Each structure stands twice: as structure tokens, then as C-alpha cells.
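Colleague: Input data-v5.txt, format and content: compact mmCIF, C-alpha atoms.
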# COMPACT_ATOMS: atom_id res chain seq x y z
CA MET A 460 -74.67 -30.53 -20.65
CA ALA A 461 -76.52 -28.46 -18.11
CA LYS A 462 -74.62 -30.26 -15.39
CA THR A 463 -71.27 -29.23 -16.89
CA LYS A 464 -72.44 -25.63 -16.97
CA ASP A 465 -73.49 -25.87 -13.31
CA LEU A 466 -69.93 -26.79 -12.39
CA GLU A 467 -68.41 -23.78 -14.09
CA ALA A 468 -67.22 -21.34 -11.47
CA ARG A 469 -66.39 -17.71 -11.94
CA ILE A 470 -63.48 -17.02 -9.62
CA PHE A 471 -62.35 -13.47 -9.04
CA ALA A 472 -60.19 -11.48 -6.66
CA VAL A 473 -61.85 -9.12 -4.21
CA ASP A 474 -60.06 -6.50 -2.17
CA THR A 475 -62.74 -5.00 0.03
CA ARG A 476 -62.60 -1.59 1.70
CA PHE A 477 -62.11 -3.41 5.02
CA GLN A 478 -59.04 -5.19 3.73
CA LYS A 479 -57.54 -2.14 2.04
CA MET A 480 -58.09 0.13 5.03
CA ALA A 481 -57.03 -2.41 7.66
CA ARG A 482 -53.68 -2.88 5.93
CA ARG A 483 -52.84 0.84 6.00
CA GLU A 484 -49.80 2.13 7.85
CA GLY A 485 -50.38 3.23 11.42
CA GLY A 486 -52.04 0.10 12.68
CA VAL A 487 -51.94 -1.01 16.29
CA PRO A 488 -49.52 -3.88 17.08
CA ARG A 489 -51.28 -7.07 18.16
CA ASP A 490 -50.05 -7.13 21.77
CA ILE A 491 -51.00 -3.52 22.38
CA ALA A 492 -54.41 -3.93 20.72
CA ILE A 493 -55.20 -6.98 22.86
CA LYS A 494 -54.06 -5.27 26.04
CA ARG A 495 -56.20 -2.23 25.25
CA ALA A 496 -59.19 -4.46 24.55
CA GLN A 497 -58.75 -6.10 27.96
CA VAL A 498 -58.73 -2.68 29.60
CA GLU A 499 -61.93 -1.75 27.73
CA ILE A 500 -63.59 -4.97 28.93
CA GLU A 501 -62.70 -4.15 32.53
CA GLU A 502 -64.50 -0.85 32.09
CA VAL A 503 -67.79 -2.47 31.08
CA LYS A 504 -67.59 -5.16 33.79
CA PRO A 505 -69.61 -3.16 36.35
CA GLY A 506 -72.65 -3.37 34.05
CA PHE A 507 -72.56 -7.15 34.34
CA ASP A 508 -74.40 -7.20 37.69
CA GLN A 509 -77.47 -5.51 36.32
CA TRP A 510 -77.50 -7.60 33.16
CA LEU A 511 -76.98 -10.83 35.10
CA ASP A 512 -79.81 -10.04 37.54
CA SER A 513 -82.19 -9.39 34.70
CA GLU A 514 -81.05 -12.48 32.78
CA LEU A 515 -81.43 -14.76 35.80
CA GLN A 516 -84.86 -13.36 36.57
CA ASP A 517 -86.03 -13.90 32.98
CA PHE A 518 -84.46 -17.33 32.87
CA ALA A 519 -86.11 -18.46 36.12
CA SER A 520 -89.45 -17.17 34.88
CA LEU A 521 -89.01 -18.95 31.52
CA MET A 522 -88.32 -22.23 33.34
CA LYS A 523 -91.23 -21.79 35.72
CA ASN A 524 -93.67 -21.19 32.87
CA ALA A 525 -92.31 -24.15 30.96
CA GLU A 526 -92.62 -26.40 34.00
CA ILE A 527 -96.29 -25.56 34.59
CA GLY A 528 -97.00 -26.00 30.90
CA SER A 529 -97.65 -22.38 30.01
CA GLY A 530 -94.35 -21.79 28.21
CA LYS A 531 -94.02 -21.15 24.50
CA PRO A 532 -93.45 -24.24 22.30
CA ASP A 533 -89.88 -23.11 21.58
CA TRP A 534 -88.99 -22.58 25.26
CA ILE A 535 -86.16 -25.10 25.11
CA GLU A 536 -84.43 -23.22 22.28
CA THR A 537 -84.83 -19.94 24.14
CA ALA A 538 -83.50 -21.52 27.32
CA GLY A 539 -80.52 -22.97 25.43
CA PHE A 540 -79.79 -19.61 23.83
CA ARG A 541 -79.97 -17.76 27.15
CA SER A 542 -77.85 -20.28 29.01
CA ARG A 543 -75.17 -20.06 26.33
CA GLN A 544 -75.23 -16.27 26.64
CA LEU A 545 -74.71 -16.60 30.37
CA ARG A 546 -71.86 -19.06 29.89
CA ASP A 547 -70.17 -17.00 27.18
CA SER A 548 -70.37 -13.65 28.93
CA ALA A 549 -69.24 -15.12 32.27
CA THR A 550 -66.29 -16.77 30.49
CA MET A 551 -65.38 -13.58 28.66
CA LEU A 552 -65.36 -11.67 31.94
CA GLY A 553 -63.41 -14.34 33.81
CA PHE A 554 -66.18 -15.41 36.24
CA GLU A 555 -65.20 -19.05 36.24
CA LEU A 556 -67.72 -20.43 38.71
CA LEU A 557 -70.67 -18.82 36.94
CA ALA A 558 -69.29 -20.03 33.62
CA PHE A 559 -68.97 -23.59 34.93
CA ILE A 560 -72.55 -23.71 36.23
CA ALA A 561 -73.96 -22.16 33.06
CA SER A 562 -71.96 -24.63 31.00
CA SER A 563 -73.39 -27.56 32.96
CA LEU A 564 -76.87 -26.11 32.43
CA CYS A 565 -76.17 -25.84 28.69
CA GLU A 566 -75.29 -29.54 28.60
CA ILE A 567 -78.58 -30.48 30.23
CA LEU A 568 -80.65 -28.23 27.98
CA ASP A 569 -78.84 -29.55 24.89
CA SER A 570 -79.65 -33.12 25.94
CA ILE A 571 -83.34 -32.20 26.43
CA GLU A 572 -83.37 -30.56 23.01
CA ALA A 573 -81.83 -33.74 21.61
CA GLY A 574 -84.73 -35.79 23.00
CA ASN A 575 -83.75 -36.73 26.55
CA GLU A 576 -86.37 -36.53 29.28
CA CYS A 577 -86.71 -33.11 30.92
CA ASN A 578 -85.73 -33.34 34.57
CA TRP A 579 -87.06 -30.17 36.21
CA GLU A 580 -85.27 -30.81 39.47
CA SER A 581 -81.90 -30.69 37.72
CA LEU A 582 -82.81 -27.38 36.06
CA ARG A 583 -83.99 -25.86 39.34
CA CYS A 584 -80.73 -26.94 41.00
CA HIS A 585 -78.71 -25.15 38.35
CA ILE A 586 -80.77 -21.97 38.57
CA ASP A 587 -80.26 -21.97 42.36
CA ALA A 588 -76.54 -22.49 41.85
CA LEU A 589 -76.40 -19.57 39.39
CA ILE A 590 -78.20 -17.34 41.88
CA LEU A 591 -75.71 -18.35 44.54
CA ALA A 592 -72.71 -17.81 42.26
CA ARG A 593 -73.88 -14.33 41.25
CA GLN A 594 -73.37 -13.11 44.81
CA ARG A 595 -70.28 -11.00 45.26
CA SER A 596 -68.79 -13.39 47.81
CA TYR A 597 -68.92 -16.23 45.25
CA ARG A 598 -68.45 -14.28 42.03
CA HIS A 599 -64.67 -14.51 41.85
CA LEU A 600 -64.35 -18.07 43.05
CA LYS A 601 -62.99 -20.79 40.83
CA PRO A 602 -64.84 -24.11 40.56
CA ASP A 603 -62.16 -25.95 42.53
CA GLN A 604 -62.80 -23.62 45.49
CA VAL A 605 -66.31 -25.03 45.91
CA PRO A 606 -65.70 -28.74 45.30
CA GLU A 607 -68.92 -30.01 46.89
CA LEU A 608 -71.11 -27.79 44.73
CA ILE A 609 -69.22 -28.77 41.59
CA LYS A 610 -69.31 -32.46 42.46
CA GLY A 611 -73.06 -32.26 42.99
CA LEU A 612 -73.73 -30.45 39.72
CA ARG A 613 -71.49 -32.85 37.79
CA ARG A 614 -73.38 -35.81 39.27
CA ILE A 615 -76.73 -34.29 38.34
CA ALA A 616 -75.63 -33.43 34.81
CA LYS A 617 -74.20 -36.91 34.28
CA ARG A 618 -77.37 -38.58 35.55
CA VAL A 619 -79.77 -36.62 33.36
CA THR A 620 -77.73 -36.43 30.17
CA THR A 621 -76.81 -40.10 29.79
CA MET B 221 -48.95 -16.86 15.14
CA THR B 222 -47.42 -13.88 13.39
CA SER B 223 -49.73 -11.03 12.55
CA ARG B 224 -49.23 -7.64 11.01
CA ASN B 225 -50.41 -4.39 12.54
CA MET B 226 -54.05 -3.77 11.74
CA ASN B 227 -55.49 -0.31 11.29
CA LEU B 228 -59.24 -0.24 12.03
CA SER B 229 -59.61 3.53 12.26
CA ASP B 230 -62.10 5.04 9.77
CA LEU B 231 -63.74 1.66 9.24
CA ILE B 232 -67.39 1.02 9.96
CA ILE B 233 -68.04 -2.25 11.76
CA LEU B 234 -71.53 -3.64 12.36
CA ILE B 235 -72.16 -5.99 15.29
CA ALA B 236 -75.39 -7.98 15.00
CA ASP B 237 -76.20 -9.77 18.25
CA PRO B 238 -79.49 -10.08 20.12
CA SER B 239 -77.80 -9.60 23.49
CA SER B 240 -77.04 -6.00 24.33
CA TYR B 241 -74.45 -7.02 26.89
CA MET B 242 -72.63 -9.43 24.59
CA SER B 243 -72.70 -6.78 21.92
CA MET B 244 -71.21 -4.28 24.33
CA LEU B 245 -68.36 -6.68 25.15
CA ILE B 246 -67.50 -7.14 21.47
CA HIS B 247 -67.84 -3.40 20.96
CA SER B 248 -65.41 -2.69 23.79
CA MET B 249 -62.85 -5.11 22.32
CA LEU B 250 -63.09 -3.38 18.95
CA ARG B 251 -62.63 -0.02 20.64
CA GLY B 252 -59.46 -1.40 22.20
CA PHE B 253 -58.26 -2.47 18.74
CA GLY B 254 -58.71 1.13 17.60
CA ALA B 255 -61.91 0.69 15.59
CA GLY B 256 -63.30 3.92 14.20
CA LYS B 257 -67.05 3.49 14.15
CA VAL B 258 -68.91 0.51 15.59
CA LEU B 259 -72.66 0.12 15.10
CA GLU B 260 -74.95 -2.41 16.78
CA VAL B 261 -78.20 -4.04 15.75
CA ARG B 262 -80.28 -6.80 17.37
CA ASN B 263 -81.99 -8.60 14.51
CA THR B 264 -81.66 -9.61 10.86
CA ASN B 265 -84.22 -7.05 9.65
CA ASP B 266 -82.18 -4.21 11.13
CA VAL B 267 -79.02 -5.54 9.47
CA LEU B 268 -80.69 -5.50 6.05
CA GLN B 269 -82.13 -2.06 6.72
CA MET B 270 -78.72 -0.78 7.83
CA LEU B 271 -77.07 -2.12 4.68
CA THR B 272 -79.40 -0.10 2.51
CA THR B 273 -78.63 3.17 4.25
CA GLN B 274 -75.06 2.88 5.41
CA GLN B 275 -71.70 1.74 4.11
CA ILE B 276 -70.62 -1.18 6.32
CA ASP B 277 -67.06 -2.49 6.03
CA ILE B 278 -67.41 -5.71 8.00
CA LEU B 279 -70.30 -7.54 9.65
CA ILE B 280 -69.78 -9.47 12.88
CA CYS B 281 -72.92 -11.51 13.19
CA ASN B 282 -74.42 -14.00 15.65
CA ALA B 283 -75.33 -17.26 13.91
CA ARG B 284 -78.63 -17.34 15.83
CA LEU B 285 -79.62 -13.76 15.21
CA PRO B 286 -83.42 -13.52 15.32
CA PRO B 287 -85.73 -13.86 13.54
CA HIS B 288 -84.12 -15.48 10.46
CA GLY B 289 -80.70 -16.48 11.80
CA GLY B 290 -77.25 -15.27 10.80
CA LEU B 291 -76.81 -18.03 8.25
CA SER B 292 -79.94 -17.08 6.28
CA LEU B 293 -78.91 -13.46 6.54
CA THR B 294 -75.48 -14.24 5.07
CA ARG B 295 -77.09 -16.24 2.27
CA ALA B 296 -79.36 -13.28 1.51
CA ILE B 297 -76.49 -10.78 1.45
CA ARG B 298 -74.36 -13.01 -0.80
CA GLY B 299 -77.29 -13.95 -3.00
CA LYS B 300 -78.54 -10.50 -3.83
CA THR B 301 -77.00 -9.28 -7.06
CA ASN B 302 -76.38 -5.56 -7.56
CA ASN B 303 -75.75 -5.26 -3.86
CA GLU B 304 -72.69 -3.26 -2.89
CA HIS B 305 -72.27 -5.33 0.29
CA ARG B 306 -72.28 -8.65 -1.55
CA THR B 307 -68.56 -9.21 -0.99
CA MET B 308 -68.39 -7.55 2.45
CA PRO B 309 -66.45 -9.68 4.96
CA ILE B 310 -68.76 -11.53 7.35
CA LEU B 311 -67.47 -12.99 10.60
CA MET B 312 -69.95 -15.42 12.12
CA MET B 313 -70.09 -15.79 15.91
CA THR B 314 -71.46 -19.03 17.30
CA SER B 315 -71.78 -20.76 20.63
CA ASP B 316 -72.13 -24.03 18.79
CA SER B 317 -68.74 -24.95 17.36
CA ARG B 318 -69.72 -28.36 16.00
CA GLU B 319 -68.21 -29.15 12.61
CA LEU B 320 -71.67 -29.16 11.01
CA THR B 321 -72.40 -25.60 12.15
CA ILE B 322 -69.05 -24.38 10.88
CA LYS B 323 -69.60 -26.08 7.52
CA ARG B 324 -73.03 -24.48 7.26
CA ALA B 325 -71.56 -21.04 7.92
CA ARG B 326 -68.88 -21.67 5.32
CA ASP B 327 -71.44 -22.90 2.79
CA VAL B 328 -73.59 -19.78 3.01
CA GLY B 329 -70.54 -17.57 2.39
CA ALA B 330 -69.23 -16.48 5.79
CA ASN B 331 -65.55 -15.50 5.66
CA MET B 332 -64.81 -16.98 9.06
CA VAL B 333 -66.43 -18.44 12.13
CA ILE B 334 -65.50 -17.43 15.65
CA ALA B 335 -66.57 -19.63 18.54
CA LYS B 336 -68.01 -18.01 21.66
CA PRO B 337 -66.83 -17.23 24.27
CA ILE B 338 -64.79 -14.71 22.33
CA SER B 339 -61.51 -13.45 23.69
CA PRO B 340 -59.71 -10.31 22.51
CA THR B 341 -56.99 -12.58 21.11
CA SER B 342 -59.34 -14.75 19.07
CA LEU B 343 -61.25 -11.74 17.72
CA TYR B 344 -58.07 -9.84 16.81
CA ASP B 345 -56.59 -12.86 15.05
CA ARG B 346 -59.74 -13.53 13.00
CA LEU B 347 -59.98 -9.91 11.88
CA ASN B 348 -56.27 -9.85 11.10
CA TRP B 349 -56.59 -13.03 9.05
CA ILE B 350 -59.47 -11.56 7.03
CA ALA B 351 -57.55 -8.32 6.48
CA PHE B 352 -54.24 -9.78 5.41
CA ASN B 353 -55.30 -12.97 3.67
CA PRO B 354 -57.99 -11.92 1.18
CA ARG B 355 -59.59 -14.90 -0.50
CA LYS B 356 -60.88 -15.01 -4.01
CA PHE B 357 -64.62 -15.10 -4.49
CA VAL B 358 -66.39 -17.95 -6.20
CA ASP B 359 -69.61 -17.49 -8.12
CA THR B 360 -71.49 -20.62 -9.17
CA VAL B 361 -75.13 -21.53 -9.62
CA THR B 362 -75.31 -22.80 -6.05
CA TYR B 363 -72.76 -20.67 -4.20
CA PHE B 364 -71.52 -17.11 -4.01
CA GLY B 365 -68.86 -16.30 -1.45
CA PRO B 366 -65.21 -16.57 -0.45
CA ASP B 367 -63.37 -19.58 -1.84
CA ARG B 368 -64.01 -22.42 0.58
CA ARG B 369 -60.83 -24.26 -0.33
CA PHE B 370 -58.47 -21.99 1.54
CA LYS B 371 -57.14 -24.65 3.90
CA ILE B 372 -55.45 -26.57 1.05
CA GLU B 373 -57.01 -29.87 2.08
CA GLY B 374 -57.28 -31.06 -1.49
CA TYR B 375 -60.49 -31.46 -3.45
CA PRO B 376 -63.67 -32.70 -1.76
CA ASN B 377 -63.58 -36.52 -1.86
CA GLY B 378 -60.22 -36.27 -3.59
CA MET B 379 -61.74 -35.18 -6.91
CA GLY B 380 -61.94 -31.73 -8.42
CA ARG B 381 -65.46 -30.67 -9.37
CA ARG B 382 -64.77 -27.32 -10.96
CA LYS B 383 -63.93 -27.09 -14.60
CA GLY B 384 -60.20 -26.47 -14.69
CA ASP B 385 -59.39 -28.31 -11.47
CA LYS B 386 -56.06 -30.04 -11.76
CA ALA B 387 -54.31 -32.60 -9.62
CA VAL B 388 -52.89 -30.97 -6.53
CA GLU B 389 -50.33 -31.91 -3.99
CA VAL B 390 -51.91 -31.44 -0.60
CA ALA B 391 -49.81 -29.39 1.78
CA GLU B 392 -49.97 -29.15 5.53
CA ALA B 393 -52.26 -26.35 6.68
CA SER B 394 -50.13 -23.52 7.97
CA SER B 395 -52.84 -21.02 8.82
CA PRO B 396 -55.73 -20.84 11.26
CA ALA B 397 -58.70 -23.10 10.69
CA LEU B 398 -62.07 -21.59 9.85
CA ALA B 399 -63.25 -21.87 13.42
Using C-alpha cells, write down the structure that the file contains.
Modeller:
Amino acid sequence: MAKTKDLEARIFAVDTRFQKMARREGGVPRDIAIKRAQVEIEEVKPGFDQWLDSELQDFASLMKNAEIGSGKPDWIETAGFRSRQLRDSATMLGFELLAFIASSLCEILDSIEAGNECNWESLRCHIDALILARQRSYRHLKPDQVPELIKGLRRIAKRVTT
Amino acid sequence: MTSRNMNLSDLIILIADPSSYMSMLIHSMLRGFGAGKVLEVRNTNDVLQMLTTQQIDILICNARLPPHGGLSLTRAIRGKTNNEHRTMPILMMTSDSRELTIKRARDVGANMVIAKPISPTSLYDRLNWIAFNPRKFVDTVTYFGPDRRFKIEGYPNGMGRRKGDKAVEVAEASSPALA
């Protein structure tokens, strides 16, 4: 009997303040809203340099501590979280090369978290590549404009994640 | 996808993300959409604190928000009775778009999941979907949140579990998926 009661569901309609207000007249058409959002993103882009420098510095330090055995037990989760942040923000801002390298790093960190052996050399390579790609002369490049670098990183990622 | 004009002025939106830069990017998109007031916090404790002192109209939350995680936070908000934010829309941001993660977000009561990296288009469409397609809420012993059957995929395992479930003809999904 108790089981039958457990399956009873109270289902009710909810019209939240968000929904009521968002449906009001005077809204912004989709195309215009998206265009305006893109303009707003362009305005915060200059702050990326400072954030990226600080992120890369923290990330390199996290890796160094982990490599010499003085990192926190959850360093791999922190590293995964930070690398995803790098990948996501670089993608959102259209820095394709940075996004590619960070994405490759994410793959390696995910495989370590899943139990694969930690290959420090592969991690160092990716950090070096990120530092290179953060430079202004590389920042706006697309992965296919630096084929040797990409080929090398792909080879490394494939070797350590399979 | 067709969408109707969305009016975000006079609404209070809370972004909960540990990264100040990521938060700023989301904030700038919302400003572009015409959002009235956008607040930011960096951890789950500050979200709960904010909800006790401020009316929040929608929460945009990172699934890995420290220290408890966005999923636990959502469960806590949905689980607390006599809480005026219990039915507040929650949009969960995640860098991990595996099916399991999306199901977990759905099962704790998130309205929608948005996969990072987030683009203005994907954010606008998710918000628009929440605004113009309100879902009923379901309250059971084990779940409180938006109805999880909104994709019309038929009953789980082909069998209705709720009292009152009847045979349904499964239609093609014609709306965006949860992720």
C-alpha cells in the first residue's frame, strides 16, 4: 500500500515571476538581443589577458606541486575544472588555438581522472603550448595555421589517453 | 527555431559561478539581452544566503559550484518547503555534457541544462524556452521539480508509473532537448 502512495504525484501549474515578466510586451527580438550580447562580450574581451595570465600561472603552479608530490589530494579535479574554464572562455571569446590546446589538455586530465597513468611530460607540453598561444602574435590564429603544433599535441594526447 | 521577444527588464537574475571571468561573460550576455539586474555569487553558501535576503527570479548556476555543487544546491532549493524560491527557474551550466550529468541535473529539479562553452544564441534560446514554455511541477515523495516528461518520449521503460498514467502515443520531439 505504501508503495502505491509513493507513486502518487501532485502535479500543478506554476507561472513564476520570471515567466510572467519575460513574456511582457516590449521584449527585445532574438536577433537584436544576440547581436547586442556579442557587442557586450567584445567590451569585456580586454580583461581576458589579465585573467588568462593569472589562470596560467596558477595552473602551472598547481601542476608543479602535484608533480613533486606536494599537491592537494584533489589536484586532478581542480586541474580538470581549471582547464575546462580555460577551454570554455577561450571558445566563448573566439580564441580557437587556445581553445584547441585547452581542450586537448582536458582530454588528458579526464583520462587521468578515469584511472590512466599520469604522464607529466604531456601536461608540461600542453602548458607550454598554452603559454605560447596566449601571446598576441598567436592569439588569433586558428589551429590549422599551426599544423605542426597541432599534430604534435594530437599525437601526445592520443598516446597518453589510449 | 522560432522564439518570441523576451523582456528581461525589471527581472533579477543570479549567476552562480566560481570563475569571476566566466561570470562576467555571462553577465555581459544578459546585459545585451536587456536584463534589468544581474547579481553574481561564487559559491553555494552565498546562493542560499542571497535567497534569504533577496527576491531572485532565475538562477543560472554552475553544476560544479563549490563547495557543495550546483546539483546539491538545486536539490536543497527544491526540497525546502515553505521556501518562496522553491519553484524558481534554475538553469544549470556544465562543461560536462554527458547524458548522465544531464539526467542528474534533471533529477534534482533543474529546469534546463546548458553546455559550456555558452554562446549568446544558446543562452538566449534556453531562457526563451523557460519563459514561454512553462512546465508543470511534480511533487512526489522522491522528487520536487519541473515535470521531467516534457520531451514526450513516452513513459520510462514504456510503462507509466504515476497513478493516472494512461497509454500515450509517442510523438516526435519538436522542441529543444534538455541540453
Colleague: Using only C-alpha atoms, which of the listed residues (A:Asp512, A:Glu502, A:Asp547, A:Glu536) sits closest to chain B?
Modeller: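 Closest to chain B, using only C-alpha atoms: A:Asp547.
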Colleague: I want to know what sits within 7 Å of range 306-319 of chain B, based on all atoms listed in the file, with residues of the same chain fewer than 2 positions away left out; could you give that as a list in words?
Modeller: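 The filter keeps Thr475 and Arg543 of chain A; Asp277, Ile278, Leu279, Ile280, Cys281, Asn282, Ala283, Ile297, Arg298, Lys300, Asn303, Glu304, Thr321, Ile322, Lys323, Ala330, Asn331, Met332, Val333, Ile334, Ala335 and Lys336 of chain B.
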Colleague: Measuring atom to atom with only C-alpha atoms, identify which of B:Val328, B:Val358, B:Phe364, B:Asn302 is nearest to chain A.
Modeller: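 Comparing B:Val328, B:Val358, B:Phe364, B:Asn302 against chain A, the winner is B:Val358.
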Colleague: Which residues of chain B are close to chain A, meaning at most 8 Å apart when you count all atoms listed in the file, and how do they look as a VMD selection string?
Modeller: chain B and resid 223 to 231 239 241 to 242 244 to 245 248 to 254 277 to 278 307 to 309 315 336 to 341 344 350 to 352 354 to 361 381 to 383
Colleague: When you look at range 566-577 of chain A with a cut-off of 12 Å (counting only C-alpha atoms), what residues show up, excluding the ones that are within fewer than 5 positions of it in the same chain? I need them as number ranges by chain.
Modeller: A: 522, 525-526, 532-543, 546, 559-561, 582-585, 612-621; B: 316
Colleague: Rounded to one decimal place, report the CA of Ile276 in chain B-CA of Ile233 in chain B distance in Å.
Modeller: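 About the pair CA of Ile276 in chain B and CA of Ile233 in chain B: they are 6.1 Å apart.
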Colleague: Please compute the CA of Trp579 in chain A-CA of Ile527 in chain A distance, one decimal, in Å.
Modeller: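 According to the coordinates, CA of Trp579 in chain A and CA of Ile527 in chain A are separated by 10.4 Å.
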